[in-house]
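Below: the structure, in structure tokens.
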Amino acid sequence: MRNILEVDNVEIRYDQAILAVRDITFTVPEDGFVSLIGANGSGKTTTLRAISRLLELDRGRLTRGAIRFDGKDIAPQSPHALVAAGIGQVLEGRRCFLPMTVEENLRTAAASLRLSRAETRAALEKAFTRFPQLADRRRTPAALLSGGEQQMLAIERALVREPRLLLLDEPTMGLAPQIAETILETVATLNRQHGVAVLIAEQNVALTLRFAHDAHVLENGAIRLSGTAADLLHHPEIWSTYLGLPTTAPAILQAIPA
């Protein structure tokens with residue numbers, strides 16, 4: 001299967017001195033759903049910002065290795081060029097235009113692509129179909145939306161561009177469990193039905209491993225564990241470190257009669 005994203009032996013430093021990420025290597029297939037999991041400061045966000053070429057905004061720099069999107073090195077490309085090439089990113093913190101209504105936020109994203117009226121109308125219809133809550137709030141300023149609704153809007157602003165690879169940074173942070181599940185179910189449907197590749201950075205380990213195909217556990221800027229999401233969900237270290245359960249929990253549960 002062809003890979004849409006290749007992260008090859010990457011090292012990242014801030015202020016030319018602070019080592020944030022080291023020797024990270026992984027791929028995202030064209031129709032893959034890959035999760036980066038780990039605690040705060042493990043390197044998840046830094047990795048995503050390197051892929052979208054936003055590191056320089058925080059005085060970060062890729063000091064070794066290479067990142068390739070669609071077979072091409074991203075180093076010579078600007079963030080704007082990568083968006084045009086098919087990378088959409090939803091940054092941590094949602095980043096909507098708060099004074100604007102839901103519809104105005106979406107129309108602004110469409111205007112940046114110079115979509116026609118018909119194309120803009122179609123993009124809005126898709127957004128409101130995926131998240132009916134936004135259709136009910138289309139005339140509401142983003143500042144008055146709930147946290148979950150703001151996250152839905154942030155995702156739809158990225159999807160207006162119809163990316164081939166969607167980068168999501170902590171999309172469920174601070175959300176009620178039911179809303180968090182709705183958001184990841186929608187992303188998984190987008191991946192499954194429309195072939196949009198997904199790379200998600202998440203601390204909600206149990207939830208993201210339910211939807212991802214493959215996952216990598218980051219710790220202190222390096223990959224500690226890798227595997228299919230199903231395998232990692234039953235890994236003793238995942239249970240003890242991220243779910244707060246004893247390492248024997250998977251074996252105990254498997255021994256319980258159905």
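If you're wondering about the labels, chains in the structure tokens are A, B, ... by order shown, residues count from 1 in each chain, ligands from 1 in order shown.
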Which residues of segment 137-195 of chain A sit at most 9 Å from segment 96-104 of chain A, using only C-alpha atoms? Give each one's shortest atom pair and distance in Å (one decimal place), in chain and ascending residue order, as a tab-separated table.
residue	atom	partner	partner_atom	distance
A:Arg137	CA	A:Val102	CA	6.8
A:Arg138	CA	A:Val102	CA	4.8
A:Arg139	CA	A:Thr101	CA	5.3
A:Thr140	CA	A:Thr101	CA	4.9
A:Pro141	CA	A:Thr101	CA	3.8
A:Ala142	CA	A:Leu98	CA	4.6
A:Ala143	CA	A:Leu98	CA	4.5
A:Leu144	CA	A:Leu98	CA	8.0
A:Leu145	CA	A:Val102	CA	8.9
A:Gln150	CA	A:Cys96	CA	7.0
A:Gln151	CA	A:Cys96	CA	8.5
A:Leu153	CA	A:Val102	CA	7.0
A:Ala154	CA	A:Cys96	CA	6.0
A:Arg157	CA	A:Cys96	CA	8.4
Could you pull the residues within 12 Å of Ala17 of chain A, counting only C-alpha atoms, minus those fewer than 5 positions along the same chain, as a VMD selection string? chain A and resid 11 to 12 59 to 63
With only C-alpha atoms as the atoms that count, which of A:Ala158, A:Met173, A:Val196, A:Leu168 lies nearest to Lys44 of chain A? A:Leu168
At what distance in Å, to one decimal, does atom CA of Arg130 of chain A lie from atom CA of Thr46 of chain A?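 Atom CA of Arg130 of chain A lies 29.0 Å from atom CA of Thr46 of chain A.
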Find the residues around Glu170 of chain A up to 9 Å (only C-alpha atoms counted), leave out those fewer than 2 positions away in its own chain, and share them as an MDAnalysis selection string. chainID A and resid 45 90:93 168 172:173 200:204
Spatial neighbours of Gly221 of chain A, 7 Å, only C-alpha atoms, chain gap at least 3 places, as a ChimeraX atom specification: /A:20-22,42-43,218
How would the residues just picked look written out with C-alpha atoms as a JSON list (two decimals), in the first residue's frame?
[["chain", "number", "residue", "atom", "x", "y", "z"],
["A", 20, "ALA", "CA", 12.36, 17.91, 21.40],
["A", 21, "VAL", "CA", 12.11, 14.91, 19.07],
["A", 22, "ARG", "CA", 14.70, 12.31, 18.14],
["A", 42, "SER", "CA", 6.17, 13.69, 24.61],
["A", 43, "GLY", "CA", 6.62, 15.28, 21.15],
["A", 218, "LEU", "CA", 5.80, 8.71, 22.17]]
Determine which residues of segment 38-170 of chain A DSSP labels as helix (DSSP H, G or I) from the backbone of this structure, then write them out as a PyMOL selection string. chain A and resi 44-51+55-58+79-85+102-112+117-130+132-136+142-144+147-159
At a cut-off of 8 Å, can you tabulate as a Markdown table every residue of segment 169-256 of chain A near segment 24-31 of chain A together with its closest atom pair and the distance in Å to one decimal, using only C-alpha atoms and ordering rows by chain then number?
| residue | atom | partner | partner_atom | distance |
| --- | --- | --- | --- | --- |
| A:Asn191 | CA | A:Asp31 | CA | 6.6 |
| A:Arg192 | CA | A:Asp31 | CA | 7.6 |
| A:Gly195 | CA | A:Asp31 | CA | 5.0 |
| A:Val196 | CA | A:Asp31 | CA | 6.0 |
| A:Ala197 | CA | A:Asp31 | CA | 4.8 |
| A:Val198 | CA | A:Val28 | CA | 7.8 |
| A:Leu199 | CA | A:Val28 | CA | 7.3 |
| A:Ala222 | CA | A:Ile24 | CA | 6.0 |
| A:Ile223 | CA | A:Ile24 | CA | 6.2 |
Enumerate the residues of segment 76-222 of chain A with a DSSP assignment of strand (DSSP E), computed from the backbone, and present them as a ChimeraX atom specification. /A:87-90,165-169,197-202,214-219,222
Give me the residues within 8 Å of segment 226-231 of chain A as a PyMOL selection string, counting only C-alpha atoms and dropping any in the same chain fewer than 6 places off. chain A and resi 209-217
Write the residues of the preceding selection, restricted to N, CA and C atoms, as a short mmCIF file (atom, residue, chain, number, x, y, z; two decimals), in the first residue's frame.
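Just written: selection-v3.cif:
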data_model
loop_
_atom_site.label_atom_id
_atom_site.label_comp_id
_atom_site.auth_asym_id
_atom_site.auth_seq_id
_atom_site.Cartn_x
_atom_site.Cartn_y
_atom_site.Cartn_z
N LEU A 209 -7.53 4.61 20.30
CA LEU A 209 -7.14 3.27 19.85
C LEU A 209 -8.34 2.47 19.37
N ARG A 210 -9.53 2.87 19.74
CA ARG A 210 -10.73 2.20 19.22
C ARG A 210 -10.95 2.51 17.74
N PHE A 211 -10.48 3.65 17.28
CA PHE A 211 -10.77 4.08 15.91
C PHE A 211 -9.57 3.99 14.97
N ALA A 212 -8.36 4.15 15.50
CA ALA A 212 -7.16 4.15 14.66
C ALA A 212 -6.85 2.75 14.14
N HIS A 213 -6.08 2.71 13.04
CA HIS A 213 -5.59 1.43 12.52
C HIS A 213 -4.26 1.07 13.18
N ASP A 214 -3.37 2.05 13.24
CA ASP A 214 -2.04 1.85 13.81
C ASP A 214 -1.74 2.99 14.78
N ALA A 215 -0.79 2.75 15.68
CA ALA A 215 -0.47 3.78 16.66
C ALA A 215 1.00 3.69 17.07
N HIS A 216 1.49 4.85 17.52
CA HIS A 216 2.87 4.95 18.03
C HIS A 216 2.83 5.68 19.36
N VAL A 217 3.46 5.10 20.35
CA VAL A 217 3.52 5.71 21.68
C VAL A 217 4.80 6.52 21.78
#
A:Glu6, A:Glu149, A:Asp136, A:Glu162: which is nearest Ile183 of chain A, counting only C-alpha atoms?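 For Ile183 of chain A, the nearest of the candidates is A:Glu149.
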Between atom CA of Pro163 of chain A and atom CA of Thr182 of chain A, distance in Å (one decimal): 20.5 Å
Report, in Å to a single decimal, how far apart atom CA of Val10 of chain A and atom CA of Leu166 of chain A are. 20.0 Å
So, with only C-alpha atoms as the atoms that count, which of A:Val83, A:Arg2, A:Ile51, A:Leu115 lies closest to Arg164 of chain A?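 The answer is A:Val83, which sits nearest to Arg164 of chain A.
Proximity to Gly86 of chain A was assessed for A:Ala180, A:Thr241, A:Arg121, A:Leu165 counting only C-alpha atoms; the smallest distance is recorded for A:Leu165.
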Show me, as a list of chain:residue names, the residues that have an atom within 9 Å of segment 53-57 of chain A when counting only C-alpha atoms, minus same-chain residues fewer than 4 positions from it.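 So, after excluding close chain neighbours, the residues are A:Tyr14, A:Thr46, A:Thr47, A:Leu48, A:Arg49, A:Arg61, A:Leu62, A:Ile74, A:Ala75, A:Gln77, A:Ser78, A:Pro79, A:Leu82.
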Which residue, A:Gly88, A:Arg107, A:Leu5, A:Val160, has the smallest gap to Ala123 of chain A when you use only C-alpha atoms?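 Ranking A:Gly88, A:Arg107, A:Leu5, A:Val160 by distance to Ala123 of chain A, first place goes to A:Val160.
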